[in-house]
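Shown here: upload_30.txt, compact mmCIF, C-alpha atoms.
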```txt
# COMPACT_ATOMS: atom_id res chain seq x y z
CA MET H 1269 -37.09 6.92 -41.44
CA LYS H 1270 -35.53 3.52 -41.37
CA LYS H 1271 -32.53 4.77 -43.32
CA ILE H 1272 -32.04 7.63 -40.88
CA ALA H 1273 -32.28 5.25 -37.91
CA LEU H 1274 -29.76 2.92 -39.49
CA LEU H 1275 -27.42 5.80 -40.25
CA VAL H 1276 -27.64 7.07 -36.66
CA ALA H 1277 -26.95 3.60 -35.28
CA PHE H 1278 -24.00 3.17 -37.63
CA ILE H 1279 -22.50 6.52 -36.64
CA LEU H 1280 -23.01 5.79 -32.94
CA PHE H 1281 -21.30 2.39 -33.12
CA GLY H 1282 -18.63 3.74 -35.38
CA ASN H 1283 -17.64 6.46 -32.95
CA ILE H 1284 -17.46 4.29 -29.87
CA ALA H 1285 -14.18 2.38 -29.41
CA VAL H 1286 -15.40 -0.84 -27.81
CA ALA H 1287 -13.02 -3.25 -26.11
CA GLN H 1288 -14.30 -6.72 -26.87
CA TYR H 1289 -13.28 -9.52 -24.52
CA GLN H 1290 -15.49 -12.31 -25.78
CA GLY H 1291 -13.44 -15.49 -26.02
CA GLN H 1292 -10.61 -14.25 -23.81
CA PHE H 1293 -8.94 -16.48 -21.23
CA ARG H 1294 -7.02 -15.22 -18.23
CA LEU H 1295 -5.04 -16.80 -15.40
CA GLN H 1296 -4.49 -15.11 -12.08
CA TYR H 1297 -2.36 -15.64 -9.01
CA GLY H 1298 -2.98 -13.63 -5.84
CA ASN H 1299 -2.87 -13.51 -2.07
CA ASP H 1300 -5.95 -12.80 -0.03
CA PHE H 1301 -6.74 -11.91 3.54
CA GLY H 1302 -9.98 -12.38 5.49
CA PHE H 1303 -10.55 -9.57 7.98
CA THR H 1304 -13.06 -11.51 10.11
CA SER H 1305 -11.24 -14.84 10.31
CA GLY H 1306 -7.74 -13.30 10.12
CA LEU H 1307 -6.72 -15.99 7.65
CA PHE H 1308 -4.13 -15.32 4.98
CA GLY H 1309 -4.32 -17.34 1.77
CA LEU H 1310 -2.96 -18.13 -1.64
CA ASN H 1311 -5.43 -17.76 -4.54
CA ILE H 1312 -5.35 -19.13 -8.08
CA SER H 1313 -7.97 -18.29 -10.62
CA GLY H 1314 -9.02 -18.84 -14.20
CA GLU H 1315 -11.32 -16.53 -16.15
CA TYR H 1316 -13.24 -16.91 -19.38
CA PHE H 1317 -15.38 -14.37 -21.24
CA PRO H 1318 -18.36 -16.11 -22.88
CA LEU H 1319 -19.72 -12.64 -23.64
CA ASP H 1320 -18.18 -9.21 -23.98
CA LYS H 1321 -17.70 -7.68 -20.52
CA LEU H 1322 -19.17 -10.71 -18.74
CA SER H 1323 -16.83 -13.39 -17.42
CA PHE H 1324 -16.89 -16.53 -15.35
CA ALA H 1325 -14.03 -16.70 -12.83
CA PRO H 1326 -13.77 -19.78 -10.65
CA ASN H 1327 -10.97 -19.46 -8.09
CA LEU H 1328 -9.56 -21.36 -5.17
CA SER H 1329 -7.99 -19.93 -2.02
CA VAL H 1330 -5.79 -22.18 0.11
CA LEU H 1331 -5.86 -20.66 3.59
CA PHE H 1332 -3.35 -21.10 6.43
CA PRO H 1333 -4.95 -21.41 9.87
CA GLU H 1334 -2.87 -22.06 13.01
CA SER H 1335 -4.11 -25.64 13.06
CA GLY H 1336 -6.10 -27.80 10.71
CA LYS H 1337 -6.74 -26.87 7.09
CA ALA H 1338 -9.02 -24.38 5.33
CA SER H 1339 -9.92 -23.45 1.79
CA ASN H 1340 -12.44 -21.31 -0.06
CA LEU H 1341 -13.78 -22.30 -3.48
CA HIS H 1342 -15.35 -19.33 -5.26
CA LEU H 1343 -17.56 -19.47 -8.36
CA ASP H 1344 -17.82 -15.84 -9.43
CA ALA H 1345 -19.32 -13.98 -12.35
CA ARG H 1346 -17.82 -10.59 -13.17
CA TYR H 1347 -19.24 -7.71 -15.15
CA TYR H 1348 -16.71 -5.22 -16.48
CA PHE H 1349 -17.40 -1.48 -16.64
CA SER H 1350 -14.07 -0.94 -18.26
CA LYS H 1351 -11.63 0.92 -20.29
CA GLU H 1352 -8.84 -1.10 -21.84
CA LYS H 1353 -6.00 -0.04 -19.56
CA LEU H 1354 -7.95 0.15 -16.29
CA GLU H 1355 -10.73 -2.39 -15.91
CA PHE H 1356 -13.33 -2.05 -13.16
CA TYR H 1357 -15.70 -4.88 -12.44
CA GLY H 1358 -18.47 -5.92 -10.11
CA LEU H 1359 -18.80 -9.53 -9.03
CA LEU H 1360 -21.50 -11.86 -7.81
CA GLY H 1361 -21.01 -15.53 -7.02
CA TYR H 1362 -21.13 -18.45 -4.66
CA ALA H 1363 -18.42 -19.74 -2.33
CA ASN H 1364 -17.88 -22.89 -0.33
CA TYR H 1365 -15.66 -22.49 2.74
CA ARG H 1366 -14.19 -25.78 3.88
CA ARG H 1367 -12.55 -26.14 7.29
CA ARG H 1368 -10.86 -29.06 8.95
CA TYR H 1369 -10.22 -28.92 12.70
CA GLU H 1370 -7.34 -30.94 14.10
CA PHE H 1371 -8.41 -31.31 17.72
CA ASN H 1372 -10.82 -30.05 20.46
CA PRO H 1373 -12.76 -31.60 18.80
CA GLU H 1374 -11.43 -33.10 15.62
CA ILE H 1375 -13.85 -32.33 12.77
CA THR H 1376 -12.91 -33.92 9.49
CA TYR H 1377 -14.48 -31.35 7.22
CA LYS H 1378 -17.02 -28.61 7.80
CA ASN H 1379 -18.50 -26.93 4.71
CA THR H 1380 -20.13 -23.53 4.80
CA GLY H 1381 -21.83 -22.01 1.75
CA THR H 1382 -22.24 -18.30 1.14
CA ILE H 1383 -22.76 -15.80 -1.65
CA ASN H 1384 -20.02 -13.46 -2.84
CA ILE H 1385 -20.61 -9.77 -3.53
CA GLY H 1386 -17.74 -7.59 -4.50
CA THR H 1387 -15.81 -5.31 -6.79
CA GLY H 1388 -12.34 -5.14 -8.28
CA VAL H 1389 -9.96 -3.41 -10.60
CA ILE H 1390 -7.31 -4.65 -13.04
CA TYR H 1391 -4.56 -2.30 -14.17
CA LYS H 1392 -3.04 -3.57 -17.40
CA PHE H 1393 0.59 -2.51 -17.12
CA LEU H 1394 1.71 -4.70 -20.02
CA GLU H 1395 -0.08 -6.18 -22.99
CA GLU H 1396 0.18 -9.58 -21.26
CA LEU H 1397 0.00 -8.70 -17.54
CA GLY H 1398 -2.19 -6.77 -15.17
CA LEU H 1399 -2.29 -5.98 -11.47
CA ASN H 1400 -5.56 -6.99 -9.80
CA ALA H 1401 -7.09 -5.72 -6.55
CA GLU H 1402 -10.42 -7.10 -5.34
CA PHE H 1403 -12.78 -6.64 -2.40
CA LYS H 1404 -15.33 -9.35 -1.66
CA PHE H 1405 -18.00 -9.68 1.02
CA GLN H 1406 -19.51 -13.00 2.14
CA PRO H 1407 -22.62 -12.04 4.14
CA GLN H 1408 -24.11 -15.47 4.86
CA ASN H 1409 -22.86 -17.69 7.70
CA ARG H 1410 -19.36 -16.25 7.68
CA ASN H 1411 -19.75 -12.47 7.52
CA GLU H 1412 -16.30 -12.37 5.95
CA PHE H 1413 -14.68 -9.44 4.21
CA ILE H 1414 -11.85 -10.50 1.89
CA PHE H 1415 -9.21 -8.39 0.17
CA LYS H 1416 -7.15 -9.90 -2.65
CA LEU H 1417 -4.10 -8.60 -4.48
CA GLY H 1418 -2.76 -10.46 -7.50
CA ILE H 1419 -1.33 -10.66 -10.99
CA SER H 1420 -3.38 -11.47 -14.10
CA TYR H 1421 -1.98 -13.01 -17.24
CA PHE H 1422 -3.97 -12.44 -20.42
CA ILE H 1423 -3.63 -15.69 -22.34
CA ASN H 1424 -5.09 -14.24 -25.51
CA MET O 158 62.83 -21.75 36.64
CA VAL O 159 61.32 -25.19 37.30
CA LEU O 160 59.95 -23.95 40.59
CA PHE O 161 58.41 -20.93 38.80
CA PHE O 162 56.53 -23.10 36.33
CA ALA O 163 55.48 -25.48 39.06
CA PHE O 164 54.08 -22.47 40.92
CA LEU O 165 52.20 -21.30 37.83
CA SER O 166 50.75 -24.71 37.09
CA SER O 167 49.21 -24.81 40.57
CA PHE O 168 46.73 -22.20 39.37
CA TYR O 169 45.59 -24.39 36.50
CA GLY O 170 41.88 -25.06 36.81
CA TYR O 171 41.10 -22.35 39.36
CA GLY O 172 38.43 -19.69 38.54
CA GLN O 173 37.60 -21.30 35.20
CA ALA O 174 35.54 -24.45 34.60
CA ILE O 175 36.98 -26.92 32.13
CA ILE O 176 34.32 -27.45 29.48
CA ASP O 177 34.46 -30.41 27.16
CA GLU O 178 33.66 -29.49 23.55
CA PRO O 179 30.25 -30.97 22.67
CA GLY O 180 30.59 -34.02 20.47
CA ARG O 181 29.22 -34.09 16.96
CA THR O 182 26.94 -37.00 16.20
CA ASN O 183 26.45 -38.01 12.60
CA LEU O 184 23.39 -40.10 11.97
CA ALA O 185 23.51 -43.02 9.57
CA PRO O 186 22.74 -41.94 5.99
CA THR O 187 19.25 -42.26 4.55
CA THR O 188 18.08 -42.28 0.93
CA GLU O 189 15.48 -40.36 -1.08
CA LEU O 190 14.14 -40.09 -4.61
CA TRP O 191 13.13 -36.67 -5.97
CA ASN O 192 11.26 -36.29 -9.24
CA GLY O 193 11.03 -32.76 -10.56
CA LEU O 194 9.24 -30.88 -13.31
CA TYR O 195 10.61 -27.42 -14.10
CA LEU O 196 8.70 -24.98 -16.32
CA LYS O 197 9.81 -21.60 -17.67
CA PHE O 198 7.37 -19.66 -19.83
CA ARG O 199 8.39 -16.44 -21.54
CA LEU O 200 5.43 -14.07 -21.28
CA SER O 201 7.09 -10.95 -22.74
CA ASP O 202 10.58 -9.71 -23.63
CA LYS O 203 11.49 -9.22 -19.96
CA ILE O 204 9.00 -11.30 -17.97
CA PHE O 205 8.82 -15.06 -17.44
CA TRP O 206 6.76 -17.41 -15.33
CA TYR O 207 8.92 -19.98 -13.51
CA GLN O 208 7.53 -23.06 -11.82
CA GLU O 209 8.81 -26.23 -10.13
CA ASN O 210 6.75 -29.22 -9.07
CA HIS O 211 8.40 -32.07 -7.21
CA TYR O 212 7.26 -35.49 -6.07
CA ARG O 213 9.63 -36.62 -3.34
CA ARG O 214 9.83 -39.95 -1.62
CA ARG O 215 12.11 -41.07 1.19
CA SER O 216 13.38 -44.31 2.66
CA SER O 217 11.47 -46.43 5.15
CA THR O 218 12.17 -46.12 8.88
CA ASP O 219 13.38 -49.74 8.97
CA ASN O 220 15.23 -49.72 5.64
CA ARG O 221 17.39 -46.69 5.07
CA SER O 222 18.48 -47.69 1.58
CA ASP O 223 15.17 -48.30 -0.21
CA PHE O 224 14.78 -44.66 -1.46
CA VAL O 225 10.97 -44.82 -1.84
CA GLY O 226 9.51 -46.51 1.26
CA ARG O 227 7.63 -43.46 2.54
CA MET O 228 6.06 -40.41 1.03
CA GLY O 229 8.21 -37.33 1.58
CA GLN O 230 6.93 -34.12 0.05
CA ILE O 231 4.91 -32.62 -2.75
CA TYR O 232 6.68 -29.41 -3.53
CA ASN O 233 5.27 -26.55 -5.58
CA ARG O 234 7.20 -23.40 -6.31
CA GLY O 235 6.27 -20.59 -8.70
CA GLY O 236 7.39 -17.08 -9.44
CA LEU O 237 7.50 -14.15 -11.80
CA VAL O 238 10.93 -13.53 -13.29
CA TYR O 239 12.18 -10.16 -14.47
CA LEU O 240 15.11 -10.35 -16.89
CA PHE O 241 17.29 -7.28 -16.45
CA ASN O 242 19.75 -8.58 -19.04
CA ASP O 243 21.21 -11.91 -20.15
CA GLN O 244 23.43 -12.00 -17.08
CA PHE O 245 20.99 -11.06 -14.32
CA GLU O 246 17.40 -11.88 -13.44
CA VAL O 247 15.24 -11.58 -10.32
CA THR O 248 12.39 -13.88 -9.31
CA VAL O 249 9.67 -13.41 -6.68
CA GLY O 250 6.90 -15.83 -5.85
CA PRO O 251 5.17 -18.30 -3.54
CA THR O 252 5.93 -21.85 -2.56
CA LEU O 253 3.53 -24.39 -1.14
CA VAL O 254 4.95 -27.64 0.22
CA PHE O 255 2.98 -30.62 1.48
CA ASN O 256 5.01 -32.43 4.17
CA PHE O 257 3.90 -36.00 4.76
CA THR O 258 3.85 -37.97 8.00
CA PRO O 259 7.04 -39.75 9.09
CA ASP O 260 4.92 -42.67 10.34
CA LYS O 261 1.71 -43.48 8.53
CA ASP O 262 0.54 -45.92 11.24
CA ASN O 263 0.92 -43.46 14.09
CA PRO O 264 -2.40 -41.71 14.90
CA ASP O 265 -0.57 -38.85 16.64
CA TYR O 266 0.63 -37.58 13.27
CA LEU O 267 -1.35 -35.74 10.62
CA ASN O 268 -1.05 -37.31 7.18
CA SER O 269 0.19 -34.03 5.72
CA THR O 270 0.82 -30.45 6.73
CA LEU O 271 1.14 -27.34 4.61
CA GLU O 272 4.30 -25.27 4.51
CA PRO O 273 3.74 -21.91 2.79
CA ARG O 274 6.71 -19.74 1.80
CA MET O 275 7.48 -16.54 -0.03
CA TRP O 276 10.76 -16.57 -1.91
CA HIS O 277 12.91 -14.27 -3.96
CA GLN O 278 16.04 -14.90 -5.93
CA TRP O 279 18.89 -13.22 -7.76
CA LEU O 280 20.42 -15.23 -10.59
CA PHE O 281 23.72 -14.24 -12.16
CA THR O 282 24.88 -15.98 -15.35
CA GLN O 283 28.36 -16.05 -16.83
CA SER O 284 30.06 -17.99 -19.59
CA ILE O 285 33.66 -19.15 -19.48
CA ALA O 286 35.08 -21.13 -22.42
CA GLY O 287 31.69 -22.51 -23.34
CA ILE O 288 30.84 -23.48 -19.77
CA LYS O 289 27.72 -21.80 -18.41
CA ILE O 290 28.04 -20.82 -14.76
CA LEU O 291 25.14 -19.73 -12.56
CA HIS O 292 25.30 -18.05 -9.17
CA GLN O 293 21.93 -18.38 -7.50
CA PHE O 294 21.12 -16.42 -4.35
CA ARG O 295 17.78 -17.55 -2.99
CA PHE O 296 15.97 -16.24 0.08
CA GLU O 297 12.95 -17.88 1.64
CA HIS O 298 10.54 -16.88 4.37
CA ARG O 299 8.70 -19.94 5.55
CA PHE O 300 6.09 -21.12 8.00
CA LYS O 301 6.66 -24.73 8.89
CA ARG O 302 5.17 -27.07 11.46
CA ASP O 303 5.68 -30.61 12.65
CA ASN O 304 3.18 -33.31 11.65
CA LEU O 305 2.30 -33.99 15.30
CA ILE O 306 -1.33 -33.06 16.01
CA GLY O 307 -1.47 -29.66 17.65
CA ALA O 308 2.06 -28.62 16.66
CA GLU O 309 2.53 -24.90 16.09
CA TYR O 310 3.84 -23.14 13.03
CA LYS O 311 7.38 -21.80 13.32
CA TYR O 312 8.69 -19.00 11.15
CA THR O 313 12.23 -19.09 9.74
CA ASP O 314 14.25 -17.13 7.20
CA ARG O 315 16.47 -19.08 4.87
CA TYR O 316 19.48 -17.93 2.86
CA ARG O 317 20.82 -20.10 0.06
CA TYR O 318 23.72 -19.81 -2.33
CA LYS O 319 24.10 -22.26 -5.20
CA PHE O 320 26.96 -22.53 -7.65
CA ILE O 321 26.02 -24.44 -10.83
CA ALA O 322 28.16 -25.24 -13.85
CA TYR O 323 26.78 -26.55 -17.14
CA ILE O 324 29.62 -28.24 -19.01
CA PRO O 325 28.78 -29.28 -22.57
CA LEU O 326 30.32 -32.57 -23.67
CA ASN O 327 29.45 -32.85 -27.36
CA LYS O 328 29.09 -29.20 -28.38
CA PRO O 329 31.23 -26.09 -27.89
CA LYS O 330 28.51 -24.44 -25.78
CA MET O 331 25.10 -25.15 -24.26
CA GLU O 332 22.57 -25.26 -27.10
CA ASN O 333 20.06 -27.68 -28.59
CA LYS O 334 20.95 -31.40 -28.55
CA THR O 335 23.75 -30.96 -26.07
CA LEU O 336 24.90 -33.67 -23.70
CA PHE O 337 26.20 -32.05 -20.55
CA ILE O 338 27.39 -32.62 -17.04
CA SER O 339 26.31 -30.23 -14.30
CA PRO O 340 28.07 -30.17 -10.94
CA SER O 341 26.65 -27.88 -8.28
CA ASN O 342 26.89 -27.07 -4.61
CA GLU O 343 24.29 -25.30 -2.51
CA ILE O 344 24.72 -24.10 1.05
CA PHE O 345 21.78 -23.22 3.31
CA PHE O 346 21.68 -20.94 6.34
CA GLN O 347 18.65 -20.27 8.50
CA THR O 348 17.61 -17.87 11.24
CA GLY O 349 14.56 -17.78 13.47
CA LYS O 350 13.32 -17.68 17.02
CA TYR O 351 13.57 -21.47 17.38
CA GLN O 352 16.81 -21.99 15.44
CA ARG O 353 19.87 -22.89 17.49
CA GLU O 354 22.27 -23.28 14.62
CA ILE O 355 22.65 -20.98 11.64
CA PHE O 356 24.08 -23.67 9.33
CA GLU O 357 21.19 -25.69 7.96
CA ASP O 358 22.35 -27.82 5.05
CA ASN O 359 24.89 -28.33 2.28
CA ARG O 360 24.04 -30.13 -0.96
CA VAL O 361 26.54 -31.47 -3.45
CA TYR O 362 24.86 -32.52 -6.68
CA THR O 363 26.26 -33.96 -9.89
CA ALA O 364 23.81 -34.23 -12.76
CA ILE O 365 24.08 -35.42 -16.30
CA GLY O 366 21.62 -34.21 -18.88
CA TYR O 367 20.57 -33.65 -22.46
CA THR O 368 18.84 -30.73 -24.17
CA TYR O 369 16.34 -31.48 -26.88
CA ASN O 370 14.31 -28.68 -28.46
CA ASN O 371 12.24 -27.17 -25.61
CA PHE O 372 13.16 -29.92 -23.17
CA MET O 373 16.05 -30.52 -20.82
CA PHE O 374 16.31 -33.99 -19.27
CA PHE O 375 18.69 -34.17 -16.35
CA GLY O 376 19.32 -36.19 -13.25
CA GLY O 377 21.94 -37.51 -10.93
CA HIS O 378 23.10 -38.06 -7.40
CA MET O 379 22.96 -35.52 -4.59
CA TRP O 380 24.52 -35.81 -1.15
CA THR O 381 23.21 -33.58 1.62
CA TYR O 382 24.68 -32.93 5.04
CA GLY O 383 22.94 -30.78 7.58
CA SER O 384 21.82 -30.03 11.12
CA THR O 385 18.75 -31.52 12.78
CA ASN O 386 16.41 -30.28 15.52
CA ASN O 387 18.79 -31.80 18.08
CA PRO O 388 21.87 -29.65 18.66
CA GLY O 389 25.09 -31.40 17.68
CA VAL O 390 23.29 -34.08 15.69
CA TYR O 391 23.74 -34.06 11.92
CA ALA O 392 22.01 -36.02 9.20
CA ASN O 393 23.11 -36.92 5.71
CA LYS O 394 21.19 -38.26 2.74
CA HIS O 395 21.87 -39.75 -0.65
CA VAL O 396 19.23 -38.47 -3.07
CA LEU O 397 18.57 -39.67 -6.60
CA ARG O 398 17.11 -36.85 -8.67
CA LEU O 399 15.25 -37.22 -11.96
CA ASN O 400 14.11 -34.01 -13.68
CA VAL O 401 12.54 -32.59 -16.79
CA MET O 402 12.61 -28.92 -17.73
CA TYR O 403 10.28 -27.45 -20.34
CA THR O 404 10.49 -23.94 -21.73
CA LEU O 405 8.00 -22.16 -23.94
CA ASP O 406 7.94 -18.73 -25.52
CA PHE O 407 4.43 -17.28 -25.52
CA ARG O 408 5.39 -14.05 -27.21
CA ASN O 409 4.58 -15.11 -30.74
CA LYS O 410 1.74 -17.40 -29.75
CA ARG O 411 -0.69 -14.86 -28.32
CA ARG O 412 -3.60 -13.82 -30.49
CA PRO O 413 -5.22 -11.08 -28.40
CA VAL O 414 -8.98 -10.87 -28.77
CA THR O 415 -9.13 -7.42 -27.23
CA ARG O 416 -9.79 -5.11 -30.14
CA SER O 417 -11.58 -1.89 -30.87
CA LEU O 418 -14.01 -1.11 -33.62
CA PRO O 419 -12.53 1.51 -35.96
CA SER O 420 -14.05 4.97 -35.71
CA LEU O 421 -15.46 6.60 -38.83
```
Could you express the structure from this file as structure tokens?
Amino acid sequence: MKKIALLVAFILFGNIAVAQYQGQFRLQYGNDFGFTSGLFGLNISGEYFPLDKLSFAPNLSVLFPESGKASNLHLDARYYFSKEKLEFYGLLGYANYRRRYEFNPEITYKNTGTINIGTGVIYKFLEELGLNAEFKFQPQNRNEFIFKLGISYFIN
Amino acid sequence: MVLFFAFLSSFYGYGQAIIDEPGRTNLAPTTELWNGLYLKFRLSDKIFWYQENHYRRRSSTDNRSDFVGRMGQIYNRGGLVYLFNDQFEVTVGPTLVFNFTPDKDNPDYLNSTLEPRMWHQWLFTQSIAGIKILHQFRFEHRFKRDNLIGAEYKYTDRYRYKFIAYIPLNKPKMENKTLFISPSNEIFFQTGKYQREIFEDNRVYTAIGYTYNNFMFFGGHMWTYGSTNNPGVYANKHVLRLNVMYTLDFRNKRRPVTRSLPSL
């Protein structure tokens, strides 16, 4: 019985082509847009896979309001339901939105925390590069819906 | 005949106002020091990542010749380059500039403002008798604001053409361990709702440099002449530039971890 079980397991694993990402590093540049705030931003991101299909992707958006300054620091985890060429992922994380108001009144820095829930796709058009589109929702405090479009570089 | 011309001259000045040509005012020159780091990483046969980071200082308000008295800008430019062939490449990317206050003690000014841009560029390369010549056409779309509190962002389009020559001094062509001189000239034009003059700036730059393995060290003097926010008033600067360029080829350095288990 044990031998049969082992044989079945071996055949199953042998017939599945599994893309393994454990240990991979990626860098990403993108632009994002918040539909509630109307703020356009510049996003840079790093990504590391401590496990196959599960990655940690901290990223920073520098936003451009009419006055003052704004930024969004995201700490996201991504789970990939992927094929090698087209990679779909779901994400869950935490974000800190920081806003500085210049006048009326002047507020040095206002921090707002929220969770991130979202999904994305990476299309690997070259061995080294992929096109990334991502939707993210921040339900707490901000009720923000963010769309990001960017380029990913696969370091290894 | 004399009477005829006397008759004609009596009409001089009628029906047409005499307008004096506006005078051109040239401000006294100021000085700046720009320190630049240039990076070019080859990601694949045709694709590069290009990046520039600059730390720029400018002269004090009360001492125009001290080069470093005030903080000027922190300048960050990046872009993806596509190499069509050895003579032509195109770059597209973002720029983010931090513009610092002209007067640190004035509470009406913000310490720094952000200036985001999108830029794209065509670069043509040619070689004549060992001299490398570049024709750089760069286009920028930028949102810029004054440091005064409450100032609004203004959008402008910028068009730049730069002619650069790399002239090797100790080798027949530009290669490793080459001492070179590099004269260049760049002219800037700008358009936008708030722009009154299309000519923005002209920069004449003479650099001397040395290539060593993956590095290029170069620097020199640049003189700029350009329009200001006041019509008819022009400013000029003497800029000392110190730069390092570093290139790296990632093609043979990648060890992809993405792999598939073999099927039986």
Just need the residues of chain O within 10 Å of chain H, counting all atoms listed in the file, so spit them out as JSON, numbers by chain.
{"O": [200, 201, 204, 206, 235, 236, 237, 250, 251, 252, 253, 267, 270, 271, 272, 273, 300, 302, 306, 307, 308, 309, 310, 407, 408, 410, 411, 412, 413, 414, 415, 416, 417, 418, 419, 420, 421]}
Output the selection as a PDB file, in the frame of the given file - C-alpha atoms for each residue.
```
ATOM      1  CA  LEU O 200       5.430 -14.070 -21.280  1.00  0.00           C
ATOM      2  CA  SER O 201       7.090 -10.950 -22.740  1.00  0.00           C
ATOM      3  CA  ILE O 204       9.000 -11.300 -17.970  1.00  0.00           C
ATOM      4  CA  TRP O 206       6.760 -17.410 -15.330  1.00  0.00           C
ATOM      5  CA  GLY O 235       6.270 -20.590  -8.700  1.00  0.00           C
ATOM      6  CA  GLY O 236       7.390 -17.080  -9.440  1.00  0.00           C
ATOM      7  CA  LEU O 237       7.500 -14.150 -11.800  1.00  0.00           C
ATOM      8  CA  GLY O 250       6.900 -15.830  -5.850  1.00  0.00           C
ATOM      9  CA  PRO O 251       5.170 -18.300  -3.540  1.00  0.00           C
ATOM     10  CA  THR O 252       5.930 -21.850  -2.560  1.00  0.00           C
ATOM     11  CA  LEU O 253       3.530 -24.390  -1.140  1.00  0.00           C
ATOM     12  CA  LEU O 267      -1.350 -35.740  10.620  1.00  0.00           C
ATOM     13  CA  THR O 270       0.820 -30.450   6.730  1.00  0.00           C
ATOM     14  CA  LEU O 271       1.140 -27.340   4.610  1.00  0.00           C
ATOM     15  CA  GLU O 272       4.300 -25.270   4.510  1.00  0.00           C
ATOM     16  CA  PRO O 273       3.740 -21.910   2.790  1.00  0.00           C
ATOM     17  CA  PHE O 300       6.090 -21.120   8.000  1.00  0.00           C
ATOM     18  CA  ARG O 302       5.170 -27.070  11.460  1.00  0.00           C
ATOM     19  CA  ILE O 306      -1.330 -33.060  16.010  1.00  0.00           C
ATOM     20  CA  GLY O 307      -1.470 -29.660  17.650  1.00  0.00           C
ATOM     21  CA  ALA O 308       2.060 -28.620  16.660  1.00  0.00           C
ATOM     22  CA  GLU O 309       2.530 -24.900  16.090  1.00  0.00           C
ATOM     23  CA  TYR O 310       3.840 -23.140  13.030  1.00  0.00           C
ATOM     24  CA  PHE O 407       4.430 -17.280 -25.520  1.00  0.00           C
ATOM     25  CA  ARG O 408       5.390 -14.050 -27.210  1.00  0.00           C
ATOM     26  CA  LYS O 410       1.740 -17.400 -29.750  1.00  0.00           C
ATOM     27  CA  ARG O 411      -0.690 -14.860 -28.320  1.00  0.00           C
ATOM     28  CA  ARG O 412      -3.600 -13.820 -30.490  1.00  0.00           C
ATOM     29  CA  PRO O 413      -5.220 -11.080 -28.400  1.00  0.00           C
ATOM     30  CA  VAL O 414      -8.980 -10.870 -28.770  1.00  0.00           C
ATOM     31  CA  THR O 415      -9.130  -7.420 -27.230  1.00  0.00           C
ATOM     32  CA  ARG O 416      -9.790  -5.110 -30.140  1.00  0.00           C
ATOM     33  CA  SER O 417     -11.580  -1.890 -30.870  1.00  0.00           C
ATOM     34  CA  LEU O 418     -14.010  -1.110 -33.620  1.00  0.00           C
ATOM     35  CA  PRO O 419     -12.530   1.510 -35.960  1.00  0.00           C
ATOM     36  CA  SER O 420     -14.050   4.970 -35.710  1.00  0.00           C
ATOM     37  CA  LEU O 421     -15.460   6.600 -38.830  1.00  0.00           C
TER      38      LEU O 421
END
```
- request: Please identify all polymer residues within 12 Å of stretch 1398-1405 of chain H, counting all atoms listed in the file, omitting same-chain residues fewer than 2 positions from it, and present them as an NGL selection string.
  value: :H and (1294-1304 or 1311 or 1313 or 1342 or 1344 or 1346 or 1352-1363 or 1382-1396 or 1407-1423)
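For the atom pair formed by atom CA of O:Arg234 and atom CA of H:Arg1367, the distance is 24.1 Å, given to one decimal.
Interatomic distance, atom CA of O:Leu326 to atom CA of O:Glu209: 26.2 Å.
Selecting by distance to (15.0, -29.6, -30.5) with a limit of 6 Å and using all atoms listed in the file, one obtains Asn333, Tyr369 and Asn370 of chain O.
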re atom CA of O:Lys394 and atom CA of O:Ile288: distance 28.6 Å
Closest of H:Leu1328, H:Leu1322, H:Leu1341, H:Leu1307 to H:Thr1380, counting all atoms listed in the file, is H:Leu1341
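With distances restricted to only C-alpha atoms, O:Phe205 is the closest residue to O:Asp406 from O:Gly180, O:Trp191, O:Gly377, O:Phe205.
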From the list O:Lys203, O:His298, O:Arg274, O:Lys334, the nearest residue to O:Tyr316 using all atoms listed in the file is O:His298
Extract, using all atoms listed in the file, all DNA, RNA and protein residues at most 12 Å from O:Arg353, discarding same-chain residues fewer than 3 positions from it, and format them as a PyMOL selection string. chain O and resi 313+346-350+356-357+384-390
Write a file of the selected residues as an mmCIF file, keeping the file's coordinate frame, keeping C-alpha atoms.
```cif
data_model
loop_
_atom_site.group_PDB
_atom_site.id
_atom_site.type_symbol
_atom_site.label_atom_id
_atom_site.label_comp_id
_atom_site.auth_asym_id
_atom_site.auth_seq_id
_atom_site.Cartn_x
_atom_site.Cartn_y
_atom_site.Cartn_z
ATOM 1 C CA THR O 313 12.230 -19.090 9.740
ATOM 2 C CA PHE O 346 21.680 -20.940 6.340
ATOM 3 C CA GLN O 347 18.650 -20.270 8.500
ATOM 4 C CA THR O 348 17.610 -17.870 11.240
ATOM 5 C CA GLY O 349 14.560 -17.780 13.470
ATOM 6 C CA LYS O 350 13.320 -17.680 17.020
ATOM 7 C CA PHE O 356 24.080 -23.670 9.330
ATOM 8 C CA GLU O 357 21.190 -25.690 7.960
ATOM 9 C CA SER O 384 21.820 -30.030 11.120
ATOM 10 C CA THR O 385 18.750 -31.520 12.780
ATOM 11 C CA ASN O 386 16.410 -30.280 15.520
ATOM 12 C CA ASN O 387 18.790 -31.800 18.080
ATOM 13 C CA PRO O 388 21.870 -29.650 18.660
ATOM 14 C CA GLY O 389 25.090 -31.400 17.680
ATOM 15 C CA VAL O 390 23.290 -34.080 15.690
#
```
Exercise for review: Extract, using only C-alpha atoms, all DNA, RNA and protein residues at most 10 Å from O:Phe245, discarding same-chain residues fewer than 6 positions from it, and format them as a ChimeraX atom specification.
Suggested key: /O:239,279-283,291-292
Q: Please identify all polymer residues lying at most 10 Å from the point (24.9, -40.2, 12.8) (file coordinates), using only C-alpha atoms, and present the result as number ranges by chain.
A: O: 181-186, 390-393
